[in-house]
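A short write-up of the structure that comes next.
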Amino acid sequence: MPVPYDGGCLCGAIRYRVNDEPLTLYACHCTDCQRQTGAGFALSMIVPRRGLELLRGAPRHYAVDTPEGLRKCGAFCGDCGSRLWGEPPKFPQVAVVRPGNLDDTKWFRPVGHIWTASAQPWIPIPEDTLRFPGQPEDITALIHAWRDREAR
């Protein structure tokens, strides 16, 4: 499905648009994502930050330091609490959109799964996706897998 991709929070106070094609889309099974979503994993769609356009509203921002020494930052709706996107401090050129907030979610499918060592045992991980037991040092494999799938 070609860009743009429109999305927003549950209550409609925040609306945004992704104007650039995603670099990749994967599922994260870390315990932080499980806690943050209240589910077994979180979907992450990495996009160029320049292509993320705020259409309406003013998201609130959070910053959390992890025990591993990482800082996680992002945006959410202050009214309904929907998490919208992450803003990784180490990679200011990208945003990590939560694609479940997009208006049309039928087109995407993750190319990989990270932090599978902490995945819930009741979540099946498809055999045809990349798997990483923890945080990949380099997400290049996930980006290439996305490009290869999109080229087909």
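Labels for the structure tokens follow display order: chains A, B, ..., residues from 1 in each chain, ligands from 1.
All residues of protein, DNA or RNA that reach within 8 Å of region 84-89 of chain A, judged by only C-alpha atoms and not counting those fewer than 5 positions away in the chain, are Gly8, Cys9, Arg71, Lys72, Cys73, Gly74, Ala75, Phe76, Cys77, Val94, Ala95, Val96, Val97, Arg98 and Asn101 of chain A.
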Just the residues within 10 Å of Ala58 (chain A), please, counting only C-alpha atoms, with nothing from its chain fewer than 3 positions along; format it as a PyMOL selection string.
chain A and resi 13-15+54-55+61+75-78
Store the residues of this selection in a file with C-alpha atoms, as a PDB file, in the first residue's frame.
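New file result-v2.pdb:
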```pdb
ATOM      1  CA  ALA A  13      -7.450  13.970  19.692  1.00  0.00           C
ATOM      2  CA  ILE A  14      -4.157  13.196  17.893  1.00  0.00           C
ATOM      3  CA  ARG A  15      -3.917  12.594  14.140  1.00  0.00           C
ATOM      4  CA  LEU A  54       1.461  15.787  13.036  1.00  0.00           C
ATOM      5  CA  LEU A  55      -1.957  16.716  11.623  1.00  0.00           C
ATOM      6  CA  HIS A  61       6.098  12.895  25.592  1.00  0.00           C
ATOM      7  CA  ALA A  75       4.843  10.311  22.187  1.00  0.00           C
ATOM      8  CA  PHE A  76       1.382   9.388  23.436  1.00  0.00           C
ATOM      9  CA  CYS A  77      -2.067  10.918  23.693  1.00  0.00           C
ATOM     10  CA  GLY A  78      -2.511  12.679  27.020  1.00  0.00           C
TER      11      GLY A  78
END
```
Give me the region 2-96 of chain A side of the contact with region 113-118 of chain A, cut-off 8 Å, one line per residue showing its nearest atom pair and distance in Å at one decimal, counting only C-alpha atoms, sorted by chain and residue number, as a tab-separated table.
```
residue	atom	partner	partner_atom	distance
A:Tyr26	CA	A:His113	CA	5.6
A:Ala27	CA	A:His113	CA	4.7
A:Cys28	CA	A:Ile114	CA	4.9
A:His29	CA	A:Trp115	CA	5.0
A:Cys30	CA	A:Trp115	CA	5.1
A:Thr31	CA	A:Ser118	CA	6.7
```
Find, counting only C-alpha atoms, the residue in A:Gln36, A:Leu52, A:Leu43, A:Gln120 that gets nearest to Asp20 (chain A).
A:Leu52
Per-residue DSSP, region 20-120 of chain A, filtered to strand (DSSP E or B), as a PyMOL selection string:
chain A and resi 24-28+42-48+52-56+60-65+71-76+83-86+94-97+102+112-114
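Minimum atom-to-atom distances from A:Gly81, A:Pro22, A:Asp65, A:Gly100 to Ala42 (chain A) were compared using only C-alpha atoms, and the lowest value belongs to A:Gly100.
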From the list A:Pro59, A:Pro110, A:Pro48, A:Pro67, which residue is nearest Phe91 (chain A) when using only C-alpha atoms?
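Of all the options, A:Pro48 lies closest to Phe91 (chain A).
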Mind checking which residues fall within 9 Å of Leu102 (chain A), counting only C-alpha atoms, ignoring those fewer than 3 positions away in the same chain, and posting them as a list in words?
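So the residues in contact are Tyr5, Asp6, Gly7, Gly8, Cys9, Tyr16, Arg17, Arg98, Pro99 and Thr105 of chain A.
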What would the file look like if the residues just selected were written as a PDB file, in the first residue's frame with all heavy atoms?
```pdb
ATOM      1  N   TYR A   5       0.297   7.143   4.965  1.00  0.00           N
ATOM      2  CA  TYR A   5      -0.455   6.330   5.924  1.00  0.00           C
ATOM      3  C   TYR A   5      -0.937   7.277   7.010  1.00  0.00           C
ATOM      4  O   TYR A   5      -0.134   7.937   7.659  1.00  0.00           O
ATOM      5  CB  TYR A   5       0.424   5.256   6.556  1.00  0.00           C
ATOM      6  CG  TYR A   5       1.190   4.417   5.569  1.00  0.00           C
ATOM      7  CD1 TYR A   5       2.573   4.476   5.505  1.00  0.00           C
ATOM      8  CD2 TYR A   5       0.529   3.560   4.701  1.00  0.00           C
ATOM      9  CE1 TYR A   5       3.291   3.702   4.608  1.00  0.00           C
ATOM     10  CE2 TYR A   5       1.242   2.784   3.793  1.00  0.00           C
ATOM     11  CZ  TYR A   5       2.613   2.853   3.753  1.00  0.00           C
ATOM     12  OH  TYR A   5       3.316   2.094   2.856  1.00  0.00           O
ATOM     13  N   ASP A   6      -2.232   7.328   7.233  1.00  0.00           N
ATOM     14  CA  ASP A   6      -2.790   8.181   8.284  1.00  0.00           C
ATOM     15  C   ASP A   6      -3.105   7.343   9.515  1.00  0.00           C
ATOM     16  O   ASP A   6      -3.469   6.161   9.406  1.00  0.00           O
ATOM     17  CB  ASP A   6      -4.064   8.874   7.813  1.00  0.00           C
ATOM     18  CG  ASP A   6      -3.795   9.980   6.803  1.00  0.00           C
ATOM     19  OD1 ASP A   6      -2.614  10.295   6.570  1.00  0.00           O
ATOM     20  OD2 ASP A   6      -4.752  10.528   6.256  1.00  0.00           O
ATOM     21  N   GLY A   7      -2.982   7.960  10.671  1.00  0.00           N
ATOM     22  CA  GLY A   7      -3.274   7.261  11.908  1.00  0.00           C
ATOM     23  C   GLY A   7      -3.602   8.239  13.005  1.00  0.00           C
ATOM     24  O   GLY A   7      -3.575   9.458  12.816  1.00  0.00           O
ATOM     25  N   GLY A   8      -3.889   7.690  14.177  1.00  0.00           N
ATOM     26  CA  GLY A   8      -4.212   8.532  15.311  1.00  0.00           C
ATOM     27  C   GLY A   8      -4.510   7.713  16.544  1.00  0.00           C
ATOM     28  O   GLY A   8      -4.520   6.488  16.517  1.00  0.00           O
ATOM     29  N   CYS A   9      -4.767   8.421  17.606  1.00  0.00           N
ATOM     30  CA  CYS A   9      -5.040   7.784  18.891  1.00  0.00           C
ATOM     31  C   CYS A   9      -6.479   7.273  18.953  1.00  0.00           C
ATOM     32  O   CYS A   9      -7.299   7.549  18.083  1.00  0.00           O
ATOM     33  CB  CYS A   9      -4.767   8.773  20.019  1.00  0.00           C
ATOM     34  SG  CYS A   9      -5.909  10.170  20.048  1.00  0.00           S
ATOM     35  N   TYR A  16      -2.021  11.873  12.838  1.00  0.00           N
ATOM     36  CA  TYR A  16      -0.719  12.019  12.210  1.00  0.00           C
ATOM     37  C   TYR A  16      -0.717  11.344  10.846  1.00  0.00           C
ATOM     38  O   TYR A  16      -1.629  10.590  10.505  1.00  0.00           O
ATOM     39  CB  TYR A  16       0.399  11.466  13.103  1.00  0.00           C
ATOM     40  CG  TYR A  16       0.336   9.973  13.310  1.00  0.00           C
ATOM     41  CD1 TYR A  16       0.962   9.095  12.416  1.00  0.00           C
ATOM     42  CD2 TYR A  16      -0.333   9.421  14.390  1.00  0.00           C
ATOM     43  CE1 TYR A  16       0.905   7.727  12.597  1.00  0.00           C
ATOM     44  CE2 TYR A  16      -0.401   8.065  14.586  1.00  0.00           C
ATOM     45  CZ  TYR A  16       0.221   7.211  13.690  1.00  0.00           C
ATOM     46  OH  TYR A  16       0.157   5.859  13.875  1.00  0.00           O
ATOM     47  N   ARG A  17       0.334  11.616  10.089  1.00  0.00           N
ATOM     48  CA  ARG A  17       0.489  11.026   8.760  1.00  0.00           C
ATOM     49  C   ARG A  17       1.946  10.605   8.594  1.00  0.00           C
ATOM     50  O   ARG A  17       2.864  11.324   8.977  1.00  0.00           O
ATOM     51  CB  ARG A  17       0.120  12.035   7.678  1.00  0.00           C
ATOM     52  CG  ARG A  17       0.334  11.541   6.259  1.00  0.00           C
ATOM     53  CD  ARG A  17      -0.239  12.496   5.240  1.00  0.00           C
ATOM     54  NE  ARG A  17      -1.701  12.417   5.340  1.00  0.00           N
ATOM     55  CZ  ARG A  17      -2.524  13.439   5.123  1.00  0.00           C
ATOM     56  NH1 ARG A  17      -2.044  14.628   4.772  1.00  0.00           N
ATOM     57  NH2 ARG A  17      -3.814  13.291   5.244  1.00  0.00           N
ATOM     58  N   ARG A  98       3.830   3.115  16.124  1.00  0.00           N
ATOM     59  CA  ARG A  98       3.036   1.951  16.531  1.00  0.00           C
ATOM     60  C   ARG A  98       1.968   1.755  15.459  1.00  0.00           C
ATOM     61  O   ARG A  98       0.945   2.464  15.445  1.00  0.00           O
ATOM     62  CB  ARG A  98       2.401   2.173  17.904  1.00  0.00           C
ATOM     63  CG  ARG A  98       3.403   2.292  19.014  1.00  0.00           C
ATOM     64  CD  ARG A  98       4.192   1.013  19.150  1.00  0.00           C
ATOM     65  NE  ARG A  98       5.166   1.119  20.225  1.00  0.00           N
ATOM     66  CZ  ARG A  98       6.226   0.355  20.326  1.00  0.00           C
ATOM     67  NH1 ARG A  98       6.468  -0.549  19.400  1.00  0.00           N
ATOM     68  NH2 ARG A  98       7.049   0.489  21.318  1.00  0.00           N
ATOM     69  N   PRO A  99       2.181   0.827  14.526  1.00  0.00           N
ATOM     70  CA  PRO A  99       1.305   0.743  13.356  1.00  0.00           C
ATOM     71  C   PRO A  99      -0.120   0.305  13.661  1.00  0.00           C
ATOM     72  O   PRO A  99      -1.004   0.482  12.825  1.00  0.00           O
ATOM     73  CB  PRO A  99       2.018  -0.252  12.440  1.00  0.00           C
ATOM     74  CG  PRO A  99       2.837  -1.080  13.359  1.00  0.00           C
ATOM     75  CD  PRO A  99       3.252  -0.156  14.472  1.00  0.00           C
ATOM     76  N   THR A 105      -4.835  -1.179   8.826  1.00  0.00           N
ATOM     77  CA  THR A 105      -3.805  -2.067   9.373  1.00  0.00           C
ATOM     78  C   THR A 105      -3.737  -3.411   8.653  1.00  0.00           C
ATOM     79  O   THR A 105      -2.952  -4.265   9.033  1.00  0.00           O
ATOM     80  CB  THR A 105      -4.067  -2.331  10.869  1.00  0.00           C
ATOM     81  OG1 THR A 105      -5.352  -2.942  11.011  1.00  0.00           O
ATOM     82  CG2 THR A 105      -4.009  -1.046  11.681  1.00  0.00           C
TER      83      THR A 105
END
```
Do a neighbour search on Pro2 (chain A) at 12 Å with only C-alpha atoms, toss out local chain neighbours closer than 6 positions, and write the hits as a ChimeraX atom specification.
/A:18-22,104,107-108,150
Using only C-alpha atoms, which residues sit within 10 Å of Gly112 (chain A) once same-chain residues fewer than 5 positions away are excluded, as a PyMOL selection string?
chain A and resi 24-28+125-132+141-143+145-146
Nearest to Ala119 (chain A), chosen from A:Asp103, A:Cys33, A:Pro4, A:Asp79, with only C-alpha atoms counted in the distances:
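Among the listed residues, A:Cys33 lies closest to Ala119 (chain A).
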